[in-house]
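Chemist: My questions all concern the structure below.
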Amino acid sequence: MWSLLTVATLICTLGSTHGFLQKLVPDSPEVNMNISQMITFWGYPSEEYEVITEDGYILGIYRIPYGKKNSENIGHRPVVFLQHGLLASATNWIANLPNNSLAFILADAGYDVWLGNSRGNTWSRKNLYYSPNSVEFWAFSFDEMAKYDLPATVDFIVKKTGQEKVHYVGHSQGTTIGFIAFSTNPTLAKKIKSFYALAPVATVKYTTSPLKDMEYIPTFLFKLIFGDKMFLPHDFFDQLLGTEICNRQLLDELCSNALFIMCGYDSKNFNTSRLDIYLAHNPAGTSVQDILHWAQLARSGKFQAFNWGSTYLNMLHYNQATAPYYNVSAVTVPTAVWNGGRDVLADPRDVAMLLPKLTNLIYHKEIPSYNHLDFIWAMNAPQEVYNEIVSMLAEDK
């Protein structure tokens with residue numbers, strides 16, 4: 001069973017780490033901070049805004065207009081927009097020390113940095129019409145993030161900064177909504193100067209994440225287990241794993257943390273002193289429908305819109321009997337890709353199928369040792385990824 005294998009892996013990787021199975025003590029002050037506080041804690045300027053989407057969701061977005069190293073020059077700066085992945089939030093880009101966090105590195109390199117939050121996560125859980133307690137609020141997947149969230153956020157940034165184009169960095173599901181939005185919305189695509197895709201996910205045919213196991217759960221049973229609102233898997237994983245397996249505080253938190261269960265964990269490359277921050281801010285939440293959509297893709301092996309479950313409902317949403325496929329080849333934005341050789345969600349075989357479809361691929365690098373979350377939290381991420389992004393951005397100003 002995947003759950004037992006996951007725990008066994010955690011025990012093997014964490015058990016040899018000094019003090020890792022001892023009581024988890026949250027020493028880092030950022031554990032209890034919001035995003036603005038996390039930014040200013042390190043001496044960076046922070047701005048907070050709300051973006052209203054066409055369908056009424058209110059998204060919290062954040063800005064680091066300049067860095068500590070260049071605060072005297074706050075004029076016109078190239079804009080870089082960072083979009084987080086599945087079950088995550090903008091905290092992913094600022095959870096490490098400043099010299100290891102992409103948002104701070106970009107700000108110090110002279111960029112105007114913006115951090116997005118997808119609907120339904122901790123910082124984007126408001127709507128003009130629906131309460132987060134309602135089923136209607138949670139009736140979305142990454143389809144709507146691509147159709148509504150990303151265009152609304154980019155439009156807001158363009159208007160606020162007065163710049164015509166922005167650079168886009170996506171991780172995990174952040175790349176997914178980029179592929180969808182840039183291939184289906186030409187107006188939006190014209191506002192994107194370059195696309196930096198970290199651990200890109202389109203198809204998940206070969207994933208070894210628990211999403212693969214979820215594909216076998218019938219939709220009615222899936223909703224019976226998880227409900228039809230926010231994806232809250234803690235009780236599910238706790239019951240499945242059992243208290244005898246996850247009986248120490250730190251291991252228990254990892255065993256029931258949806259982000260680590262879905263995406264894997266790499267103790268060798270993480271700054272373990274920051275683990276309390278990762279756990280405090282993740283998972284940040286998404287809808288059951290979003291997870292169900294990923295399970296559908298694992299089942300079909302295709303990159304397509306959400307299947308509403310009947311010909312009638314699909315006709316209502318798409319004017320066709322089946323969920324339409326997304327055409328990644330229609331993405332004309334210059335795209336650079338970094339993927340991991342040990343990624344359980346963005347499997348290298350899925351990435352290999354994706355790359356030939358990218359008609360404007362300007363760079364690709366596979367990092368053999370990297371898992372899915374290494375792209376945002378690995379201690380050597382600056383050397384393996386971030387410095388390359390900064391260099392490429394400098395050439396594209």
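We label chains A, B, ... in the order they appear in the structure tokens, count residues from 1 in each chain, and number ligands from 1 in the order shown.
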If you take only C-alpha atoms and a cut-off of 10 Å, which residues of stretch 102-155 of chain A touch stretch 382-396 of chain A, and what are their nearest atom pairs and distances in Å to one decimal, in chain and number order, as a tab-separated table?
Modeler:
residue	atom	partner	partner_atom	distance
A:Leu102	CA	A:Tyr386	CA	6.5
A:Ala103	CA	A:Tyr386	CA	9.8
A:Ile105	CA	A:Tyr386	CA	7.9
A:Leu106	CA	A:Val390	CA	6.9
A:Ala109	CA	A:Val390	CA	7.3
A:Gly110	CA	A:Ala394	CA	9.5
A:Tyr111	CA	A:Leu393	CA	9.3
Chemist: Mind checking which residues fall within 10 Å of A:Glu47, counting only C-alpha atoms, ignoring those fewer than 6 positions away in the same chain, and posting them as a VMD selection string?
Modeler: chain A and resid 35 to 36 39 to 40 61 to 65 114
Chemist: Mind writing the picked residues with all heavy atoms as an mmCIF file, in the first residue's frame?
Modeler:
data_model
loop_
_atom_site.group_PDB
_atom_site.id
_atom_site.type_symbol
_atom_site.label_atom_id
_atom_site.label_comp_id
_atom_site.auth_asym_id
_atom_site.auth_seq_id
_atom_site.Cartn_x
_atom_site.Cartn_y
_atom_site.Cartn_z
ATOM 1 N N ILE A 35 2.009 36.422 5.512
ATOM 2 C CA ILE A 35 3.000 36.596 4.449
ATOM 3 C C ILE A 35 3.720 37.931 4.558
ATOM 4 O O ILE A 35 4.956 38.000 4.445
ATOM 5 C CB ILE A 35 2.328 36.445 3.065
ATOM 6 C CG1 ILE A 35 1.842 35.006 2.887
ATOM 7 C CG2 ILE A 35 3.297 36.813 1.936
ATOM 8 C CD1 ILE A 35 1.040 34.766 1.627
ATOM 9 N N SER A 36 2.992 39.005 4.776
ATOM 10 C CA SER A 36 3.630 40.320 4.907
ATOM 11 C C SER A 36 4.618 40.355 6.055
ATOM 12 O O SER A 36 5.712 40.921 5.945
ATOM 13 C CB SER A 36 2.559 41.406 5.103
ATOM 14 O OG SER A 36 1.801 41.585 3.935
ATOM 15 N N ILE A 39 7.829 38.588 5.169
ATOM 16 C CA ILE A 39 8.676 39.391 4.280
ATOM 17 C C ILE A 39 9.417 40.471 5.059
ATOM 18 O O ILE A 39 10.636 40.616 4.957
ATOM 19 C CB ILE A 39 7.828 40.014 3.155
ATOM 20 C CG1 ILE A 39 7.268 38.920 2.230
ATOM 21 C CG2 ILE A 39 8.654 41.022 2.335
ATOM 22 C CD1 ILE A 39 6.249 39.418 1.223
ATOM 23 N N THR A 40 8.681 41.224 5.869
ATOM 24 C CA THR A 40 9.292 42.334 6.597
ATOM 25 C C THR A 40 10.205 41.852 7.716
ATOM 26 O O THR A 40 11.104 42.580 8.149
ATOM 27 C CB THR A 40 8.213 43.263 7.181
ATOM 28 O OG1 THR A 40 7.339 42.504 8.037
ATOM 29 C CG2 THR A 40 7.387 43.896 6.068
ATOM 30 N N ILE A 61 -2.694 38.887 -2.940
ATOM 31 C CA ILE A 61 -1.394 38.843 -3.611
ATOM 32 C C ILE A 61 -0.438 39.795 -2.902
ATOM 33 O O ILE A 61 -0.865 40.754 -2.245
ATOM 34 C CB ILE A 61 -1.492 39.174 -5.120
ATOM 35 C CG1 ILE A 61 -1.913 40.632 -5.333
ATOM 36 C CG2 ILE A 61 -2.470 38.245 -5.811
ATOM 37 C CD1 ILE A 61 -1.764 41.058 -6.788
ATOM 38 N N TYR A 62 0.843 39.511 -3.036
ATOM 39 C CA TYR A 62 1.857 40.233 -2.263
ATOM 40 C C TYR A 62 2.986 40.702 -3.176
ATOM 41 O O TYR A 62 3.263 40.093 -4.202
ATOM 42 C CB TYR A 62 2.387 39.334 -1.142
ATOM 43 C CG TYR A 62 1.303 38.967 -0.166
ATOM 44 C CD1 TYR A 62 0.407 37.939 -0.449
ATOM 45 C CD2 TYR A 62 1.132 39.684 1.006
ATOM 46 C CE1 TYR A 62 -0.629 37.626 0.422
ATOM 47 C CE2 TYR A 62 0.106 39.382 1.894
ATOM 48 C CZ TYR A 62 -0.773 38.351 1.593
ATOM 49 O OH TYR A 62 -1.795 38.060 2.447
ATOM 50 N N ARG A 63 3.624 41.782 -2.741
ATOM 51 C CA ARG A 63 4.669 42.401 -3.563
ATOM 52 C C ARG A 63 5.895 42.735 -2.725
ATOM 53 O O ARG A 63 5.781 43.250 -1.611
ATOM 54 C CB ARG A 63 4.123 43.682 -4.192
ATOM 55 C CG ARG A 63 5.096 44.423 -5.100
ATOM 56 C CD ARG A 63 4.517 45.760 -5.519
ATOM 57 N NE ARG A 63 5.259 46.377 -6.617
ATOM 58 C CZ ARG A 63 5.002 47.604 -7.096
ATOM 59 N NH1 ARG A 63 4.015 48.320 -6.573
ATOM 60 N NH2 ARG A 63 5.725 48.097 -8.090
ATOM 61 N N ILE A 64 7.058 42.413 -3.271
ATOM 62 C CA ILE A 64 8.329 42.878 -2.721
ATOM 63 C C ILE A 64 8.901 43.807 -3.797
ATOM 64 O O ILE A 64 9.527 43.344 -4.749
ATOM 65 C CB ILE A 64 9.293 41.713 -2.436
ATOM 66 C CG1 ILE A 64 8.617 40.643 -1.578
ATOM 67 C CG2 ILE A 64 10.558 42.222 -1.742
ATOM 68 C CD1 ILE A 64 9.462 39.399 -1.349
ATOM 69 N N PRO A 65 8.671 45.106 -3.691
ATOM 70 C CA PRO A 65 9.005 46.011 -4.799
ATOM 71 C C PRO A 65 10.493 46.186 -5.060
ATOM 72 O O PRO A 65 10.893 46.534 -6.167
ATOM 73 C CB PRO A 65 8.361 47.335 -4.373
ATOM 74 C CG PRO A 65 8.256 47.245 -2.877
ATOM 75 C CD PRO A 65 8.016 45.801 -2.579
ATOM 76 N N TRP A 114 6.306 39.775 -7.364
ATOM 77 C CA TRP A 114 4.913 39.597 -6.961
ATOM 78 C C TRP A 114 4.661 38.129 -6.661
ATOM 79 O O TRP A 114 5.148 37.251 -7.374
ATOM 80 C CB TRP A 114 3.972 40.079 -8.059
ATOM 81 C CG TRP A 114 4.012 41.564 -8.281
ATOM 82 C CD1 TRP A 114 4.991 42.284 -8.889
ATOM 83 C CD2 TRP A 114 3.015 42.511 -7.875
ATOM 84 N NE1 TRP A 114 4.669 43.625 -8.893
ATOM 85 C CE2 TRP A 114 3.464 43.798 -8.286
ATOM 86 C CE3 TRP A 114 1.785 42.403 -7.220
ATOM 87 C CZ2 TRP A 114 2.724 44.956 -8.053
ATOM 88 C CZ3 TRP A 114 1.048 43.556 -6.991
ATOM 89 C CH2 TRP A 114 1.516 44.823 -7.404
#
Chemist: Would you mind telling me which residue in A:Asn339, A:Thr332, A:Gln37, A:Ser369 lies nearest to A:Phe182 when using only C-alpha atoms?
Modeler: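 The shortest atom-to-atom distance to A:Phe182 comes from A:Thr332.
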Chemist: Go through A:Gly162, A:Pro98, A:Pro151, A:Gly178 one by one, measure the shortest atom-to-atom distance of each to A:Arg77 using only C-alpha atoms, and give the residue with the smallest value.
Modeler: A:Gly162
Chemist: Mind checking DSSP for stretch 22-253 of chain A and telling me the helix (DSSP H, G or I) residues as a ChimeraX atom specification?
Modeler: /A:29-32,35-41,90-93,98-100,102-108,136-138,142-161,173-184,186-189,210-214,219-226,234-241,249-253
Chemist: For the residues selected in the previous step, produce a file with C-alpha atoms as an mmCIF file, in the first residue's frame.
Modeler:
data_model
loop_
_atom_site.group_PDB
_atom_site.id
_atom_site.type_symbol
_atom_site.label_atom_id
_atom_site.label_comp_id
_atom_site.auth_asym_id
_atom_site.auth_seq_id
_atom_site.Cartn_x
_atom_site.Cartn_y
_atom_site.Cartn_z
ATOM 1 C CA PRO A 29 9.087 33.124 14.654
ATOM 2 C CA GLU A 30 7.755 32.886 11.071
ATOM 3 C CA VAL A 31 5.622 29.942 12.163
ATOM 4 C CA ASN A 32 2.932 32.312 13.409
ATOM 5 C CA ILE A 35 3.000 36.596 4.449
ATOM 6 C CA SER A 36 3.630 40.320 4.907
ATOM 7 C CA GLN A 37 5.152 39.708 8.323
ATOM 8 C CA MET A 38 7.394 36.982 6.931
ATOM 9 C CA ILE A 39 8.676 39.391 4.280
ATOM 10 C CA THR A 40 9.292 42.334 6.597
ATOM 11 C CA PHE A 41 10.844 40.055 9.232
ATOM 12 C CA ALA A 90 2.998 32.274 -1.641
ATOM 13 C CA THR A 91 4.856 31.359 1.565
ATOM 14 C CA ASN A 92 6.710 28.710 -0.459
ATOM 15 C CA TRP A 93 8.872 31.404 -2.060
ATOM 16 C CA PRO A 98 16.844 35.168 2.243
ATOM 17 C CA ASN A 99 19.850 33.716 0.436
ATOM 18 C CA ASN A 100 17.852 30.540 -0.250
ATOM 19 C CA LEU A 102 13.666 32.776 -4.680
ATOM 20 C CA ALA A 103 11.483 35.816 -3.917
ATOM 21 C CA PHE A 104 14.206 37.494 -1.853
ATOM 22 C CA ILE A 105 16.945 36.534 -4.309
ATOM 23 C CA LEU A 106 15.003 38.121 -7.183
ATOM 24 C CA ALA A 107 14.261 41.277 -5.167
ATOM 25 C CA ASP A 108 17.953 41.685 -4.353
ATOM 26 C CA GLU A 136 -20.542 26.506 -4.263
ATOM 27 C CA PHE A 137 -17.371 28.229 -3.067
ATOM 28 C CA TRP A 138 -15.328 25.036 -3.535
ATOM 29 C CA PHE A 142 -7.053 24.290 -11.649
ATOM 30 C CA ASP A 143 -9.293 24.963 -14.689
ATOM 31 C CA GLU A 144 -10.730 28.014 -12.951
ATOM 32 C CA MET A 145 -7.338 29.079 -11.621
ATOM 33 C CA ALA A 146 -6.138 29.256 -15.222
ATOM 34 C CA LYS A 147 -9.314 30.796 -16.605
ATOM 35 C CA TYR A 148 -9.908 33.410 -13.903
ATOM 36 C CA ASP A 149 -7.181 33.691 -11.236
ATOM 37 C CA LEU A 150 -4.105 34.036 -13.416
ATOM 38 C CA PRO A 151 -5.553 36.568 -15.919
ATOM 39 C CA ALA A 152 -7.010 38.719 -13.124
ATOM 40 C CA THR A 153 -3.738 38.738 -11.204
ATOM 41 C CA VAL A 154 -1.543 39.500 -14.208
ATOM 42 C CA ASP A 155 -3.912 42.280 -15.328
ATOM 43 C CA PHE A 156 -3.759 43.799 -11.848
ATOM 44 C CA ILE A 157 0.052 43.689 -11.801
ATOM 45 C CA VAL A 158 0.349 45.183 -15.279
ATOM 46 C CA LYS A 159 -1.947 48.075 -14.358
ATOM 47 C CA LYS A 160 -0.283 48.657 -10.990
ATOM 48 C CA THR A 161 3.272 48.685 -12.341
ATOM 49 C CA GLN A 173 0.381 23.357 -10.374
ATOM 50 C CA GLY A 174 1.642 26.880 -10.993
ATOM 51 C CA THR A 175 3.094 25.550 -14.240
ATOM 52 C CA THR A 176 -0.130 23.686 -15.018
ATOM 53 C CA ILE A 177 -2.272 26.796 -14.923
ATOM 54 C CA GLY A 178 0.408 28.567 -16.957
ATOM 55 C CA PHE A 179 0.269 25.934 -19.694
ATOM 56 C CA ILE A 180 -3.523 26.161 -19.785
ATOM 57 C CA ALA A 181 -3.816 29.945 -19.612
ATOM 58 C CA PHE A 182 -1.054 30.732 -22.089
ATOM 59 C CA SER A 183 -2.413 28.213 -24.622
ATOM 60 C CA THR A 184 -6.069 29.267 -24.396
ATOM 61 C CA PRO A 186 -3.775 34.802 -26.382
ATOM 62 C CA THR A 187 -4.447 38.197 -24.788
ATOM 63 C CA LEU A 188 -2.902 37.021 -21.533
ATOM 64 C CA ALA A 189 -0.017 35.285 -23.290
ATOM 65 C CA PRO A 210 -0.843 8.977 -4.065
ATOM 66 C CA LEU A 211 -2.794 10.738 -6.820
ATOM 67 C CA LYS A 212 -2.132 7.567 -8.801
ATOM 68 C CA ASP A 213 -3.893 5.487 -6.166
ATOM 69 C CA MET A 214 -6.767 7.951 -5.959
ATOM 70 C CA THR A 219 -16.164 9.672 -7.880
ATOM 71 C CA PHE A 220 -19.107 9.002 -5.559
ATOM 72 C CA LEU A 221 -16.810 7.255 -3.073
ATOM 73 C CA PHE A 222 -14.157 9.969 -3.458
ATOM 74 C CA LYS A 223 -16.699 12.593 -2.395
ATOM 75 C CA LEU A 224 -17.994 10.335 0.354
ATOM 76 C CA ILE A 225 -14.472 10.120 1.782
ATOM 77 C CA PHE A 226 -13.312 13.700 1.242
ATOM 78 C CA HIS A 234 -5.528 14.775 7.820
ATOM 79 C CA ASP A 235 -8.124 12.487 9.419
ATOM 80 C CA PHE A 236 -8.127 10.236 6.365
ATOM 81 C CA PHE A 237 -4.358 9.774 6.388
ATOM 82 C CA ASP A 238 -4.237 9.443 10.168
ATOM 83 C CA GLN A 239 -6.813 6.652 10.142
ATOM 84 C CA LEU A 240 -5.177 4.945 7.182
ATOM 85 C CA LEU A 241 -1.687 5.008 8.671
ATOM 86 C CA GLN A 249 5.045 14.268 16.918
ATOM 87 C CA LEU A 250 7.245 15.206 13.961
ATOM 88 C CA LEU A 251 6.726 11.970 12.081
ATOM 89 C CA ASP A 252 2.999 12.175 12.773
ATOM 90 C CA GLU A 253 2.829 15.639 11.235
#
Chemist: Can you list, as a PyMOL selection string, every protein, DNA or RNA residue that comes within 7 Å of stretch 271-277 of chain A when you count only C-alpha atoms, leaving out same-chain residues fewer than 2 positions away?
Modeler: chain A and resi 26+28+30-31+95-96+269+279-281+379
Chemist: Could you take the residues named above and write them with N, CA, C and O atoms, as a compact mmCIF listing (two decimals), in the first residue's frame?
Modeler:
# COMPACT_ATOMS: atom_id res chain seq x y z
N PRO A 26 8.50 24.42 17.60
CA PRO A 26 8.51 25.53 16.64
C PRO A 26 9.34 26.70 17.13
O PRO A 26 8.87 27.57 17.85
N SER A 28 11.09 28.85 15.10
CA SER A 28 11.15 29.95 14.15
C SER A 28 9.96 30.88 14.33
O SER A 28 8.81 30.44 14.31
N GLU A 30 8.63 32.82 12.26
CA GLU A 30 7.76 32.89 11.07
C GLU A 30 6.61 31.89 11.12
O GLU A 30 5.66 31.99 10.33
N VAL A 31 6.68 30.95 12.04
CA VAL A 31 5.62 29.94 12.16
C VAL A 31 4.26 30.60 12.33
O VAL A 31 3.26 30.15 11.77
N ALA A 95 9.99 30.90 2.49
CA ALA A 95 10.06 30.08 3.70
C ALA A 95 11.47 29.77 4.15
O ALA A 95 11.68 29.39 5.31
N ASN A 96 12.43 29.93 3.27
CA ASN A 96 13.83 29.70 3.65
C ASN A 96 14.51 31.02 4.01
O ASN A 96 13.90 32.09 3.95
N ASN A 269 18.23 17.32 1.45
CA ASN A 269 18.47 18.61 0.82
C ASN A 269 17.68 19.75 1.45
O ASN A 269 17.73 20.87 0.98
N LEU A 279 5.80 23.12 7.77
CA LEU A 279 4.62 22.45 8.31
C LEU A 279 3.56 23.43 8.78
O LEU A 279 2.36 23.16 8.68
N ALA A 280 4.00 24.59 9.27
CA ALA A 280 3.04 25.57 9.78
C ALA A 280 2.21 26.20 8.67
O ALA A 280 1.05 26.56 8.87
N HIS A 281 2.79 26.32 7.48
CA HIS A 281 2.11 27.02 6.39
C HIS A 281 1.63 26.09 5.27
O HIS A 281 1.02 26.57 4.30
N MET A 379 18.36 23.32 -0.20
CA MET A 379 19.44 24.21 0.21
C MET A 379 20.32 24.62 -0.97
O MET A 379 20.90 25.70 -0.97
Chemist: Write out as JSON lines the residues of stretch 273-384 of chain A that have any atom within 9 Å of an atom of stretch 227-233 of chain A, one row each with the nearest atom pair and its distance in Å to one decimal, counting only C-alpha atoms, sorted by chain and then rising number.
Modeler:
{"residue": "A:Gly285", "atom": "CA", "partner": "A:Phe231", "partner_atom": "CA", "distance": 6.5}
{"residue": "A:Thr286", "atom": "CA", "partner": "A:Phe231", "partner_atom": "CA", "distance": 5.8}
{"residue": "A:Ser287", "atom": "CA", "partner": "A:Met230", "partner_atom": "CA", "distance": 4.4}
{"residue": "A:Val288", "atom": "CA", "partner": "A:Phe231", "partner_atom": "CA", "distance": 4.6}
{"residue": "A:Gln289", "atom": "CA", "partner": "A:Asp228", "partner_atom": "CA", "distance": 7.1}
{"residue": "A:Asp290", "atom": "CA", "partner": "A:Phe231", "partner_atom": "CA", "distance": 8.5}
{"residue": "A:Ile291", "atom": "CA", "partner": "A:Phe231", "partner_atom": "CA", "distance": 7.6}
Chemist: Write the residues you've just listed into a file as an mmCIF file, in the first residue's frame, and include N, CA and C atoms for each of them.
Modeler:
data_model
loop_
_atom_site.group_PDB
_atom_site.id
_atom_site.type_symbol
_atom_site.label_atom_id
_atom_site.label_comp_id
_atom_site.auth_asym_id
_atom_site.auth_seq_id
_atom_site.Cartn_x
_atom_site.Cartn_y
_atom_site.Cartn_z
ATOM 1 N N GLY A 285 -4.255 24.492 1.467
ATOM 2 C CA GLY A 285 -5.635 24.217 1.095
ATOM 3 C C GLY A 285 -5.939 24.311 -0.383
ATOM 4 N N THR A 286 -6.858 23.492 -0.807
ATOM 5 C CA THR A 286 -7.458 23.560 -2.134
ATOM 6 C C THR A 286 -8.795 22.853 -2.045
ATOM 7 N N SER A 287 -9.481 22.723 -3.153
ATOM 8 C CA SER A 287 -10.784 22.071 -3.155
ATOM 9 C C SER A 287 -10.660 20.577 -3.380
ATOM 10 N N VAL A 288 -11.648 19.835 -2.926
ATOM 11 C CA VAL A 288 -11.736 18.418 -3.246
ATOM 12 C C VAL A 288 -11.814 18.235 -4.756
ATOM 13 N N GLN A 289 -12.517 19.160 -5.425
ATOM 14 C CA GLN A 289 -12.646 19.066 -6.878
ATOM 15 C C GLN A 289 -11.293 19.184 -7.575
ATOM 16 N N ASP A 290 -10.407 19.992 -7.032
ATOM 17 C CA ASP A 290 -9.074 20.130 -7.607
ATOM 18 C C ASP A 290 -8.313 18.806 -7.524
ATOM 19 N N ILE A 291 -8.365 18.160 -6.359
ATOM 20 C CA ILE A 291 -7.697 16.869 -6.185
ATOM 21 C C ILE A 291 -8.359 15.809 -7.062
#
Chemist: Using atom CA of A:Arg299 and atom CA of A:Ile217 as the two end points, give the distance in Å to one decimal.
Modeler: 10.1 Å
Chemist: Can you pull out the residues contacting stretch 117-128 of chain A? Cut-off 6 Å, using only C-alpha atoms, and skip same-chain residues under 4 positions away; I want them as a PyMOL selection string.
Modeler: chain A and resi 56-60+89-90+284-286
Chemist: Set the distance at 12 Å and use only C-alpha atoms: which residues neighbour A:Leu355 once local chain neighbours fewer than 3 positions away are removed? I'd like the list as a tab-separated table (two decimals) with C-alpha atoms, in the first residue's frame.
Modeler:
chain	number	residue	atom	x	y	z
A	179	PHE	CA	0.27	25.93	-19.69
A	197	ALA	CA	8.58	26.21	-15.25
A	200	PRO	CA	6.26	21.17	-14.59
A	201	VAL	CA	3.04	19.18	-14.51
A	202	ALA	CA	0.72	18.59	-17.46
A	203	THR	CA	0.02	14.86	-17.74
A	328	VAL	CA	0.34	22.71	-24.81
A	329	SER	CA	1.77	23.21	-28.31
A	331	VAL	CA	1.96	28.04	-25.83
A	335	THR	CA	9.65	28.70	-21.82
A	336	ALA	CA	12.49	27.35	-19.67
A	337	VAL	CA	12.04	24.06	-17.80
A	338	TRP	CA	13.71	22.52	-14.75
A	339	ASN	CA	12.62	19.08	-13.60
A	348	PRO	CA	10.54	12.46	-15.72
A	349	ARG	CA	8.59	10.32	-18.20
A	350	ASP	CA	5.68	12.78	-18.15
A	351	VAL	CA	8.12	15.68	-18.55
A	352	ALA	CA	9.71	13.85	-21.50
A	358	LEU	CA	6.70	23.18	-26.13
A	359	THR	CA	7.18	25.04	-29.40
A	360	ASN	CA	9.24	27.82	-27.83
A	361	LEU	CA	11.39	25.87	-25.37
A	362	ILE	CA	14.48	27.97	-24.69
A	363	TYR	CA	16.12	25.89	-21.96
A	364	HIS	CA	15.79	22.55	-20.19
A	365	LYS	CA	17.64	21.05	-17.26
A	366	GLU	CA	16.97	17.85	-15.38
Chemist: Suppose you want the space between atom CA of A:Pro334 and atom CA of A:Ile192; what is it in Å?
Modeler: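 Answer for the atom CA of A:Pro334 to atom CA of A:Ile192 separation: 8.8 Å.
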Chemist: One decimal, in Å: what's the spacing between atom CA of A:Val333 and atom CA of A:Asp112?
Modeler: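 Between atom CA of A:Val333 and atom CA of A:Asp112 the gap is 20.2 Å.
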Chemist: Can you work out which one of A:Asn319, A:Asn314, A:Gln296, A:Asn282 has the shortest atom-to-atom distance to A:Ile261, counting only C-alpha atoms?
Modeler: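 Smallest distance to A:Ile261 is found for A:Asn282.
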